[in-house]
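This report concerns only the one structure given below.
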Amino acid sequence: MRYLPITGADRSEMLRAIGAPSVDALFSDVPEDALLAEPVDLPRHAGEFEVERRLSRLAARNRAAGAGPFFCGAGSYRHHIPAAVDYLIQRGEFLTSYTPYQPEIAQGTLQYLFEFQTQVCLLTGMEVANASMYDGATAAAEAVMMANRVTRRSKAVVSGNLHPHYRDTAATLARFQGFTLEAGPPVPAGGEDLASRIDGETSCVVVQYPDLFGNVRDFSELAEAAHAKGALLVVVVTEIVALGALRPPGDMGADIVAAEGQSLGNAMGFGGPHLGLFAARTRHMRQMPGRLCGETVDADGRRGYVLTLATREQHIRRERATSNICTNSGLCSLAFTIHLSLLGETGLKRLAALNHAGAVSLADRLGRRVVTPAFFNEFAVRLEGDAAEAVERLAGDGILAGVPVSRLHPGAGLDDLLLVAVTETADADDIEALAEALQ
Amino acid sequence: MAVRTYYTREHEWVRIEDGVAVCGITDYAQTQLGDVVYVELPEVGVQVARDGEAAVVESTKAASDVYAPLTGTIVAVNDRLEESPDLVNESAEDAGWFFRMEVDDEGELDELMDEEGYQAFVEELD
Amino acid sequence: MTGNSHDTVSGDLGLSIEEPLIFEQDSPGALGVDWPEAEAHADRLGGLARSGPIGLPSLAEPTVVRHYTRLSQKNYGIDTGLFPLGSCTMKHNPRLNERMARLPGFADIHPLQPESTVQGALALCREVQRWLTVLTGMPGVALTPGAGAHGELCGMMAIRAALDAGGAANADRRRVLVPDSAHGTNPATAAALGFEVVSIPEDARGRVDPERFEALAGEGGVAAVMLTNPNTCGVFENDIRRIADAVHAAGGYFYCDGANFNAIVGRVRPGDLGVDAMHINLHKTFSTPHGGGGPGSGPVVFSEALAPYAPVPRIVGEDGALRLEEANERAFGRMKAFHGQMGMFVRALAYMMSHGADGLRQVSGDAVLNANYLLRRLEDVYSAPFAHSGPAMHEALFDDRALRDTGVSTLDIAKAMIDEGLHPMTVYFPLVVHGAMLVEPTETETRASLDRFIAIMRGLAERAKDGAPLTEAPFHAPRRRLDETQAARKPVLRWQAEG
Ligand SMILES: Cc1ncc(COP(=O)(O)O)c(C=O)c1O
């Protein structure tokens with residue numbers, strides 16, 4: 001077996017050295033009848049070519065986004081990933097390293113995490129960011145739990161336009177942790193009244209920006225209303241590229257930003273792995289979940305980086321940790337930070353502008369069927385009939401037209417709504433093809 | 001006459017000064033912890049029960065609860081620890097005090113160790 | 001100490017090159033990506049356009065590539081050498097897995113495309129489920145958890161849901177028994193779900209004492225036990241059946257932390273031992289890369305009793321017409337957005353297919369052989385607290401008794417290993433062993449690599465006794481020891497522009 005270097009001769013010599021008659025004898029602590037005498041009923045080992053052939057066949061049974069016009073979004077976006085990103089993250093020193101517990105030989109990881117945390121702060125307009133969470137949905141759930149700790153309250157008011165997977169992820173934890181999540185119904189055209197739902201028991205208000213239907217909205221007043229009642233404002237972002245064009249949540253008074261960072265550097269990959277971003281205010285730093293990388297000096301006085309404030313975490317605080325998270329999304333954060341370094345100030349702004357321009361040009365073509373008044377690169381369109389059926393039909397014609405709202409809000413009476421996302425990967429012909437098809 | 005200092009088995013010290021109990025962690029405790037990096041202090045005005053959690057002291061590798069040595073009400077906390085947690089290492093039983101409390105029953109002091117008793121207690125631990 | 005008589009003009013030394021932060025290399029006007037300016041159009045941002053600079057640096061591609069290449073050179077990975085981090089299973093990461101995960105048919109598909117266009121992806125998930133159920137002997141699998149700790153949440157929520165379904169009498173079942181040797185995620189998980197953590201001390205064999213356990217379980221209110229097996233002391237809990245019976249008799253469930261599945265894969269099925277739920281770290285046993293801290297993937301296998309409570313989404317239907325079931329009455333809820341760490345499933349399946357049933361059996365055999373080889377060749381110079389109680393599993397655990405009176409600590413040995421070109425083992429974990437050193441060589445090391453490790457560790461033990469200045473190590477790494485106190489006292493968590 002090509003990955004297993006111990007030879008038969010090694011094995012006998014090593015067994016002799018340790019005084020054991022056989023490898024099986026080393027399993028003497030296992031109840032005898034639980035020890036399998038034979039390999040389990042699965043295929044035997046296979047060479048590289050064989051594995052590649054079988055997996056390639058499975059891959060070929062999927063329709064890759066690059067095969068035609070593509071407009072799916074709703075929390076996972078198709079953006080171009082520069083070639084350098086994928087090359088650099090596959091360097092073995094990054095790919096095959098562990099969480100940087102030994103900082104003297106993990107400065108590469110630690111320095112990029114420090115840079116990553118800085119980039120996340122700049123994009124979101126926040127003061128402190130952690131080294132990542134599993135994905136946007138788990139980051140949002142952690143944000144609610146953090147708000148509960150900070151305010152010592154246990155009721156979150158949740159926008160009906162929060163991505164349902166995010167809502168359900170938080171609701172699942174709420175059920176078991178015993179806090180309340182008050183989620184309203186979806187309001188496709190935006191304009192929900194959330195401020196009036198905040199009271200003295202509310203720990204936080206959770207909104208999405210742009211929201212599920214693509215709406216963008218100024219949350220400054222909502223932030224003030226929340227703060228006046230002692231609650232926090234949690235802003236969720238599922239399309240991080242939007243913050244290249246839009247006012248950052250930090251400027252609007254957000255206390256916590258929980259975001260999905262997949263759009264930069266990371267493939268859609270059928271939904272995972274993605275990259276949870278988590279940013280907050282310095283005054284709440286010690287209530288944050290996850291790892292934090294900080295600057296310090298070494299014994300020779302040279303600048304260096306370490307994981308810090310670890311007393312919040314499970315390996316030290318155990319049952320009183322702020323979160324149980326351990327492994328996070330390290331390599332995805334590396335892809336994100338490299339992509340953002342390549343884009344830089346100008347590149348990100350141009351990329352965001354291209355996304356918005358594409359979406360505007362499609363919206364212009366669709367006219368009054370667009371439900372979302374103000375948006376970035378995604379909006380809802382009202383179709384004549386069932387959106388899921390239309391998507392299925394168009395898939396047959398080679399167009400992946402978007403995500404039917406019924407896929408995320410089944411039975412909500414929104415079956416005629418289609419979410420379309422236009423990124424820089426859709427060109428004028430693609431946009432024209434979709435506009436035509438939806439006529 | 002010098003003011004007497006009393007000690008708990010959880011390595012807190014307490015001393016009555018001007019009718020108020022001053023509390024902190026012992027010098028032995030700070031050496032065991034190593035560099036103190038953060039102290040989470042109670043809010044002024046809260047009631048604490050003897051042996052109840054009153055503060056948290058953190059090194060880079062550990063977080064330990066600090067218990068109230070007596071029952072009473074917190075009347076002051078040592079704000080300097082926020083900027084300079086190192087005071088706990090430098091002067092655990094003086095400038096590195098944690099909080100002051102009004103004590104409900106000074107009689108509780110009798111159940112604590114005096115300096116000699118604490119020294120003996122610590123020697124047994126080592 | 002400068003330690004080098006050949007001082008250089010730059011301060012850099014050959015391939016050891018200092019690298020400033022990306023923010024310190026800002027070159028306004030430089031571009032790393034050639035996107036055109038968007039054509040003029042009406043803005044529909046609702047008056048929320050961003051104004052002013054974001055503050056990101058501008059760099060051309062060569063600068064960026066060099067930056068990350070230099071950073072990578074300050075890291076140690078499995079590709080560099082032996083990485084004996086106990087409990088983490090740092091084994092070789094085959095590059096075939098990377099190639100497979102990047103096939104456009106897997107990487108470039110959207111989670112909410114019509115199901116008819118992703119039948120291959122759904123079939124792949126099914127196939128991963130099949131391998132995991134056969135290997136564990138457990139009928140249910142939840143694929144969605146993002147890593148091990150997330151799997152723990154998943155398993156424990158299923159347990160809570162099952163208890164709740166059992167009626168109001170179960171409402172008081174809040175106690176979760178957790179050995180003191182457990183990983184921090186175990187008590188953190190239980191506490192996060194409102195359980196009360198009851199600690200179980202280890203006995204002199206590094207295991208749970210079954211009588212003690214039966215007594216604790218008998219005290220009532222038991223929801224579950226969370227047991228790692230093989231455990232973090234590097235040995236197999238040989239009373240596992242008694243423990244399972246006791247927790248079941250007490251009306252609770254058996255959660256197994258499967259982080260150490262690598263020691264038994266292909267030889268022992270947890271389902272045969274009374275386990276009700278277990279997470280599997282694909283990023284350990286099944287070699288999906290750790291990537292400097294993730295992403296991971298933590299599927300959970302369930303017994304018949306717990307399988308109905310598994311979270312959504314679930315994959316249902318027949319091959320060719322597979323679907324995602326997004327709602328189910330008995331499902332306890334949802335773990336995260338979409339359907340799990342697909343990229344990790346592809347890698348893990350490539351790994352499992354490559355090894356096959358026969359190769360996986362060899363994986364656990366060699367992993368255990370290698371650990372025992374290290375244990376027996378080092379136990380005369382490093383004290384091994386549980387070596388007397390039978391063979392080790394895939395880890396060799398030492399404590400610091402042998403170092404007593406040398407002035408050298410476990411940490412010093414770890415840092416001295418860095419100078420020798422080795423990654424240190426896991427240190428100070430498990431907490432129940434003083435100055436713990438937990439060594440996990442894995443099955444992908446050569447005999448020569450193991451022998452080199454043994455020689456270095458023996459040499460360091462000798463130097464410690466001779467009073468060598470190990471407390472100053474490392475000298476030859478990109479950095480000397482870092483001041484963690486300063487980092488924590490005055491946290492600097494981001495770069496700030498001057499002034
Ligand atoms: C024994 C044990 N349990 C749980 C975990 C948590 O797994 P993860 O880091 O994937 O969340 C780990 C590893 O870190 C572990 O070693």
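Each chain in the structure tokens gets a letter, A, B and so on, in the order shown; residues start at 1 in every chain, and ligands are counted from 1 in the order they appear.
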
Would you kindly return, as a ChimeraX atom specification, each protein, DNA or RNA residue with an atom no farther than 6 Å from any atom of Tyr7 in chain B, considering only C-alpha atoms and excluding same-chain residues fewer than 6 positions away?
/B:13,112-113

Give the residue list for ligand 1 at 9 Å, counting only C-alpha atoms and all ligand atoms, as JSON, numbers by chain, sorted by chain and then by residue number.
{"A": [324, 325, 326, 327, 328], "C": [86, 87, 88, 89, 146, 147, 148, 149, 150, 151, 152, 182, 183, 184, 185, 186, 228, 229, 231, 232, 257, 258, 259, 260, 279, 280, 281, 282, 283, 284, 293, 294, 295, 296, 297, 298]}

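The protein and nucleic acid residues lying at most 7 Å from Glu40 in chain B are Ala55, Val56 and Val57 of chain B, with only C-alpha atoms considered and sequence neighbours fewer than 3 positions away removed.
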
Could those residues be written to a file, using C-alpha atoms, as a PDB file, in the first residue's frame?
```
ATOM      1  CA  ALA B  55     -13.411  36.932  40.921  1.00  0.00           C
ATOM      2  CA  VAL B  56     -11.365  35.127  38.296  1.00  0.00           C
ATOM      3  CA  VAL B  57      -7.609  35.332  37.932  1.00  0.00           C
TER       4      VAL B  57
END
```

Please tabulate, as JSON lines, the residues of chain B that come within 8 Å of chain A, each with its closest pair of atoms and the distance in Å to one decimal, counting only C-alpha atoms and ordering rows by chain, then residue number upward.
```
{"residue": "B:Glu58", "atom": "CA", "partner": "A:Thr311", "partner_atom": "CA", "distance": 7.2}
{"residue": "B:Ser59", "atom": "CA", "partner": "A:Thr311", "partner_atom": "CA", "distance": 8.0}
{"residue": "B:Thr60", "atom": "CA", "partner": "A:Thr311", "partner_atom": "CA", "distance": 6.9}
{"residue": "B:Lys61", "atom": "CA", "partner": "A:Thr311", "partner_atom": "CA", "distance": 6.6}
{"residue": "B:Ala62", "atom": "CA", "partner": "A:Ile316", "partner_atom": "CA", "distance": 6.1}
{"residue": "B:Ala63", "atom": "CA", "partner": "A:Thr311", "partner_atom": "CA", "distance": 6.1}
```

I need the residues from that last selection saved to file as a compact mmCIF listing (two decimals), in the first residue's frame (with N, CA, C and O atoms), if you can.
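What follows is the written file part09.txt:
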```txt
# COMPACT_ATOMS: atom_id res chain seq x y z
N GLU B 58 -6.43 35.05 35.84
CA GLU B 58 -5.97 34.27 34.70
C GLU B 58 -4.47 34.43 34.45
O GLU B 58 -3.95 35.53 34.50
N SER B 59 -3.83 33.29 34.17
CA SER B 59 -2.48 33.33 33.60
C SER B 59 -2.66 32.98 32.12
O SER B 59 -3.79 32.86 31.66
N THR B 60 -1.58 32.82 31.38
CA THR B 60 -1.77 32.48 29.96
C THR B 60 -2.35 31.07 29.81
O THR B 60 -2.98 30.78 28.82
N LYS B 61 -2.11 30.21 30.82
CA LYS B 61 -2.49 28.81 30.65
C LYS B 61 -3.58 28.34 31.60
O LYS B 61 -3.93 27.17 31.61
N ALA B 62 -4.07 29.23 32.45
CA ALA B 62 -5.08 28.77 33.41
C ALA B 62 -5.99 29.91 33.81
O ALA B 62 -5.60 31.09 33.76
N ALA B 63 -7.19 29.56 34.18
CA ALA B 63 -8.13 30.53 34.74
C ALA B 63 -8.62 29.93 36.05
O ALA B 63 -9.08 28.80 36.08
```

Extract the full set of alpha helix (DSSP H) residues from range 7-197 of chain A according to DSSP on the backbone, and format it as a PyMOL selection string.
chain A and resi 8-18+48-60+83-89+92-95+107-124+136-151+164-177

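Any residue of chain C with an atom no more than 10 Å from chain B counts as a contact; using only C-alpha atoms, that gives Glu484, Thr485, Gln486, Ala487, Ala488, Arg489 and Lys490 of chain C.
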
Please produce a file of those selected residues containing C-alpha atoms, as a compact mmCIF listing (two decimals), in the first residue's frame.
```
# COMPACT_ATOMS: atom_id res chain seq x y z
CA GLU C 484 2.81 34.91 25.75
CA THR C 485 2.39 37.00 28.88
CA GLN C 486 2.86 40.23 26.98
CA ALA C 487 0.51 39.01 24.25
CA ALA C 488 -2.24 38.37 26.80
CA ARG C 489 -1.70 41.39 29.03
CA LYS C 490 -1.81 43.93 26.24
```

Mind the document's chain letters and residue numbers, and return as a JSON list (two decimals) with N, CA and C atoms, in the first residue's frame the residues of range 55-93 of chain B that DSSP labels strand (DSSP E or B).
```json
[["chain", "number", "residue", "atom", "x", "y", "z"],
["B", 55, "ALA", "N", -14.27, 36.37, 41.97],
["B", 55, "ALA", "CA", -13.41, 36.93, 40.92],
["B", 55, "ALA", "C", -12.77, 35.78, 40.17],
["B", 56, "VAL", "N", -12.11, 36.13, 39.05],
["B", 56, "VAL", "CA", -11.37, 35.13, 38.30],
["B", 56, "VAL", "C", -9.98, 35.69, 38.03],
["B", 57, "VAL", "N", -8.97, 34.88, 38.22],
["B", 57, "VAL", "CA", -7.61, 35.33, 37.93],
["B", 57, "VAL", "C", -7.05, 34.43, 36.84],
["B", 58, "GLU", "N", -6.43, 35.05, 35.84],
["B", 58, "GLU", "CA", -5.97, 34.27, 34.70],
["B", 58, "GLU", "C", -4.47, 34.43, 34.45],
["B", 63, "ALA", "N", -7.19, 29.56, 34.18],
["B", 63, "ALA", "CA", -8.13, 30.53, 34.74],
["B", 63, "ALA", "C", -8.62, 29.93, 36.05],
["B", 64, "SER", "N", -8.47, 30.68, 37.14],
["B", 64, "SER", "CA", -8.87, 30.14, 38.45],
["B", 64, "SER", "C", -9.89, 31.05, 39.09],
["B", 65, "ASP", "N", -10.86, 30.42, 39.72],
["B", 65, "ASP", "CA", -11.84, 31.19, 40.49],
["B", 65, "ASP", "C", -11.20, 31.68, 41.77],
["B", 66, "VAL", "N", -11.62, 32.86, 42.18],
["B", 66, "VAL", "CA", -11.22, 33.39, 43.48],
["B", 66, "VAL", "C", -12.50, 33.48, 44.31],
["B", 67, "TYR", "N", -12.45, 32.89, 45.50],
["B", 67, "TYR", "CA", -13.66, 32.81, 46.33],
["B", 67, "TYR", "C", -13.64, 33.89, 47.41],
["B", 72, "GLY", "N", -20.45, 38.89, 52.69],
["B", 72, "GLY", "CA", -20.63, 40.33, 52.80],
["B", 72, "GLY", "C", -20.93, 40.99, 51.47],
["B", 73, "THR", "N", -20.65, 42.29, 51.38],
["B", 73, "THR", "CA", -20.97, 43.08, 50.19],
["B", 73, "THR", "C", -19.69, 43.72, 49.66],
["B", 74, "ILE", "N", -19.50, 43.62, 48.34],
["B", 74, "ILE", "CA", -18.32, 44.25, 47.74],
["B", 74, "ILE", "C", -18.51, 45.77, 47.78],
["B", 75, "VAL", "N", -17.50, 46.48, 48.33],
["B", 75, "VAL", "CA", -17.62, 47.94, 48.38],
["B", 75, "VAL", "C", -16.59, 48.64, 47.51],
["B", 76, "ALA", "N", -15.53, 47.92, 47.11],
["B", 76, "ALA", "CA", -14.52, 48.53, 46.22],
["B", 76, "ALA", "C", -13.76, 47.41, 45.53],
["B", 77, "VAL", "N", -13.26, 47.71, 44.31],
["B", 77, "VAL", "CA", -12.38, 46.75, 43.64],
["B", 77, "VAL", "C", -11.11, 47.49, 43.23]]
```

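Distances here use only C-alpha atoms; by that measure, the residue among C:Met437, C:Leu378, C:Val316, C:Ala392 closest to Ala263 in chain C is C:Ala392.
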
So that I can see what lies close to Glu90 in chain B, please list as number ranges by chain the residues with an atom at most 9 Å from it, counting only C-alpha atoms and leaving out residues fewer than 5 positions away in the same chain.
B: 27, 30, 95-96

Excluding range 115-120 of chain B and its own-chain neighbours fewer than 5 positions away, which residues fall within 12 Å of it when counting only C-alpha atoms? Please give them as a compact mmCIF listing (two decimals) with C-alpha atoms, in the first residue's frame.
```
# COMPACT_ATOMS: atom_id res chain seq x y z
CA VAL B 3 -3.15 44.12 61.45
CA ARG B 4 -3.62 40.38 61.27
CA THR B 5 -3.96 38.62 57.96
CA TYR B 6 -6.09 35.50 57.62
CA TYR B 7 -5.90 32.81 54.94
CA THR B 8 -8.21 30.31 53.26
CA ARG B 9 -7.50 26.84 51.97
CA GLU B 10 -8.23 28.18 48.48
CA HIS B 11 -5.28 30.57 48.81
CA GLU B 12 -7.07 33.84 49.42
CA TRP B 13 -6.00 36.28 52.12
CA VAL B 14 -8.14 38.76 54.02
CA ARG B 15 -7.35 41.58 56.41
CA THR B 26 -1.74 34.74 48.36
CA ASP B 27 1.85 35.03 47.31
CA TYR B 28 1.97 31.25 47.10
CA ALA B 29 -1.01 31.27 44.74
CA GLU B 93 -0.68 40.51 49.52
CA LEU B 125 1.07 20.78 49.57
CA ASP B 126 4.57 20.95 48.15
```

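Residue neighbourhood of Thr180 in chain A, excluding near-sequence residues (fewer than 2 positions): Arg153, Ser154, Lys155, Ala156, Val157, Ala170, Ala171, Leu173, Ala174, Arg175, Gln177, Gly178, Glu182, Ala183, Thr202 and Ser203 of chain A, at 10 Å, using only C-alpha atoms.
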
Deliver the residues from the most recent selection as a file, using C-alpha atoms, as a short mmCIF file (atom, residue, chain, number, x, y, z; two decimals), in the first residue's frame.
```
data_model
loop_
_atom_site.label_atom_id
_atom_site.label_comp_id
_atom_site.auth_asym_id
_atom_site.auth_seq_id
_atom_site.Cartn_x
_atom_site.Cartn_y
_atom_site.Cartn_z
CA ARG A 153 -30.27 37.90 28.66
CA SER A 154 -31.68 35.09 26.61
CA LYS A 155 -34.01 36.32 23.91
CA ALA A 156 -32.87 37.08 20.38
CA VAL A 157 -35.05 38.95 17.89
CA ALA A 170 -29.22 29.07 15.85
CA ALA A 171 -32.69 27.75 16.67
CA LEU A 173 -28.84 25.51 19.74
CA ALA A 174 -31.53 27.68 21.30
CA ARG A 175 -33.72 24.67 21.84
CA GLN A 177 -29.41 25.71 25.47
CA GLY A 178 -32.72 27.11 26.55
CA GLU A 182 -38.05 35.12 17.92
CA ALA A 183 -37.93 34.94 14.14
CA THR A 202 -33.78 41.19 24.32
CA SER A 203 -30.13 40.17 24.13
#
```

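Take CA of Gly206 in chain C and CA of Val439 in chain C: the distance between them is 15.6 Å.
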
For Ala448 in chain C, find every residue with an atom within 10 Å (counting only C-alpha atoms), except residues of its own chain fewer than 4 positions away, and show them as an MDAnalysis selection string.
(chainID A and resid 6 10) or (chainID C and resid 452:454)

So that I have them on file, write out the residues from the current selection with N, CA, C and O atoms, as a PDB file, in the first residue's frame.
```
ATOM      1  N   ILE A   6       5.920   0.962   6.479  1.00  0.00           N
ATOM      2  CA  ILE A   6       6.482  -0.115   7.299  1.00  0.00           C
ATOM      3  C   ILE A   6       6.455  -1.424   6.493  1.00  0.00           C
ATOM      4  O   ILE A   6       5.390  -1.828   6.018  1.00  0.00           O
ATOM      5  N   ASP A  10      10.457  -4.814   8.642  1.00  0.00           N
ATOM      6  CA  ASP A  10      10.395  -3.841   9.752  1.00  0.00           C
ATOM      7  C   ASP A  10       9.496  -4.372  10.854  1.00  0.00           C
ATOM      8  O   ASP A  10       9.820  -4.324  12.040  1.00  0.00           O
TER       9      ASP A  10
ATOM     10  N   ARG C 452      15.158   7.580  14.305  1.00  0.00           N
ATOM     11  CA  ARG C 452      15.767   8.902  14.484  1.00  0.00           C
ATOM     12  C   ARG C 452      15.104   9.621  15.657  1.00  0.00           C
ATOM     13  O   ARG C 452      15.769  10.237  16.482  1.00  0.00           O
ATOM     14  N   PHE C 453      13.790   9.511  15.708  1.00  0.00           N
ATOM     15  CA  PHE C 453      13.056  10.123  16.815  1.00  0.00           C
ATOM     16  C   PHE C 453      13.541   9.560  18.155  1.00  0.00           C
ATOM     17  O   PHE C 453      13.816  10.303  19.100  1.00  0.00           O
ATOM     18  N   ILE C 454      13.676   8.251  18.215  1.00  0.00           N
ATOM     19  CA  ILE C 454      14.109   7.601  19.454  1.00  0.00           C
ATOM     20  C   ILE C 454      15.496   8.108  19.846  1.00  0.00           C
ATOM     21  O   ILE C 454      15.743   8.471  21.003  1.00  0.00           O
TER      22      ILE C 454
END
```

Min atom-atom distance to chain A from the set C:Pro441, C:Gly105, C:Pro201, C:Pro139, counting only C-alpha atoms, belongs to C:Gly105

Option closest in space to Glu102 in chain B, from B:Ala54, B:Val46, B:Leu87, B:Val39 [counting only C-alpha atoms]
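Comparing B:Ala54, B:Val46, B:Leu87, B:Val39 against Glu102 in chain B, the winner is B:Val46.
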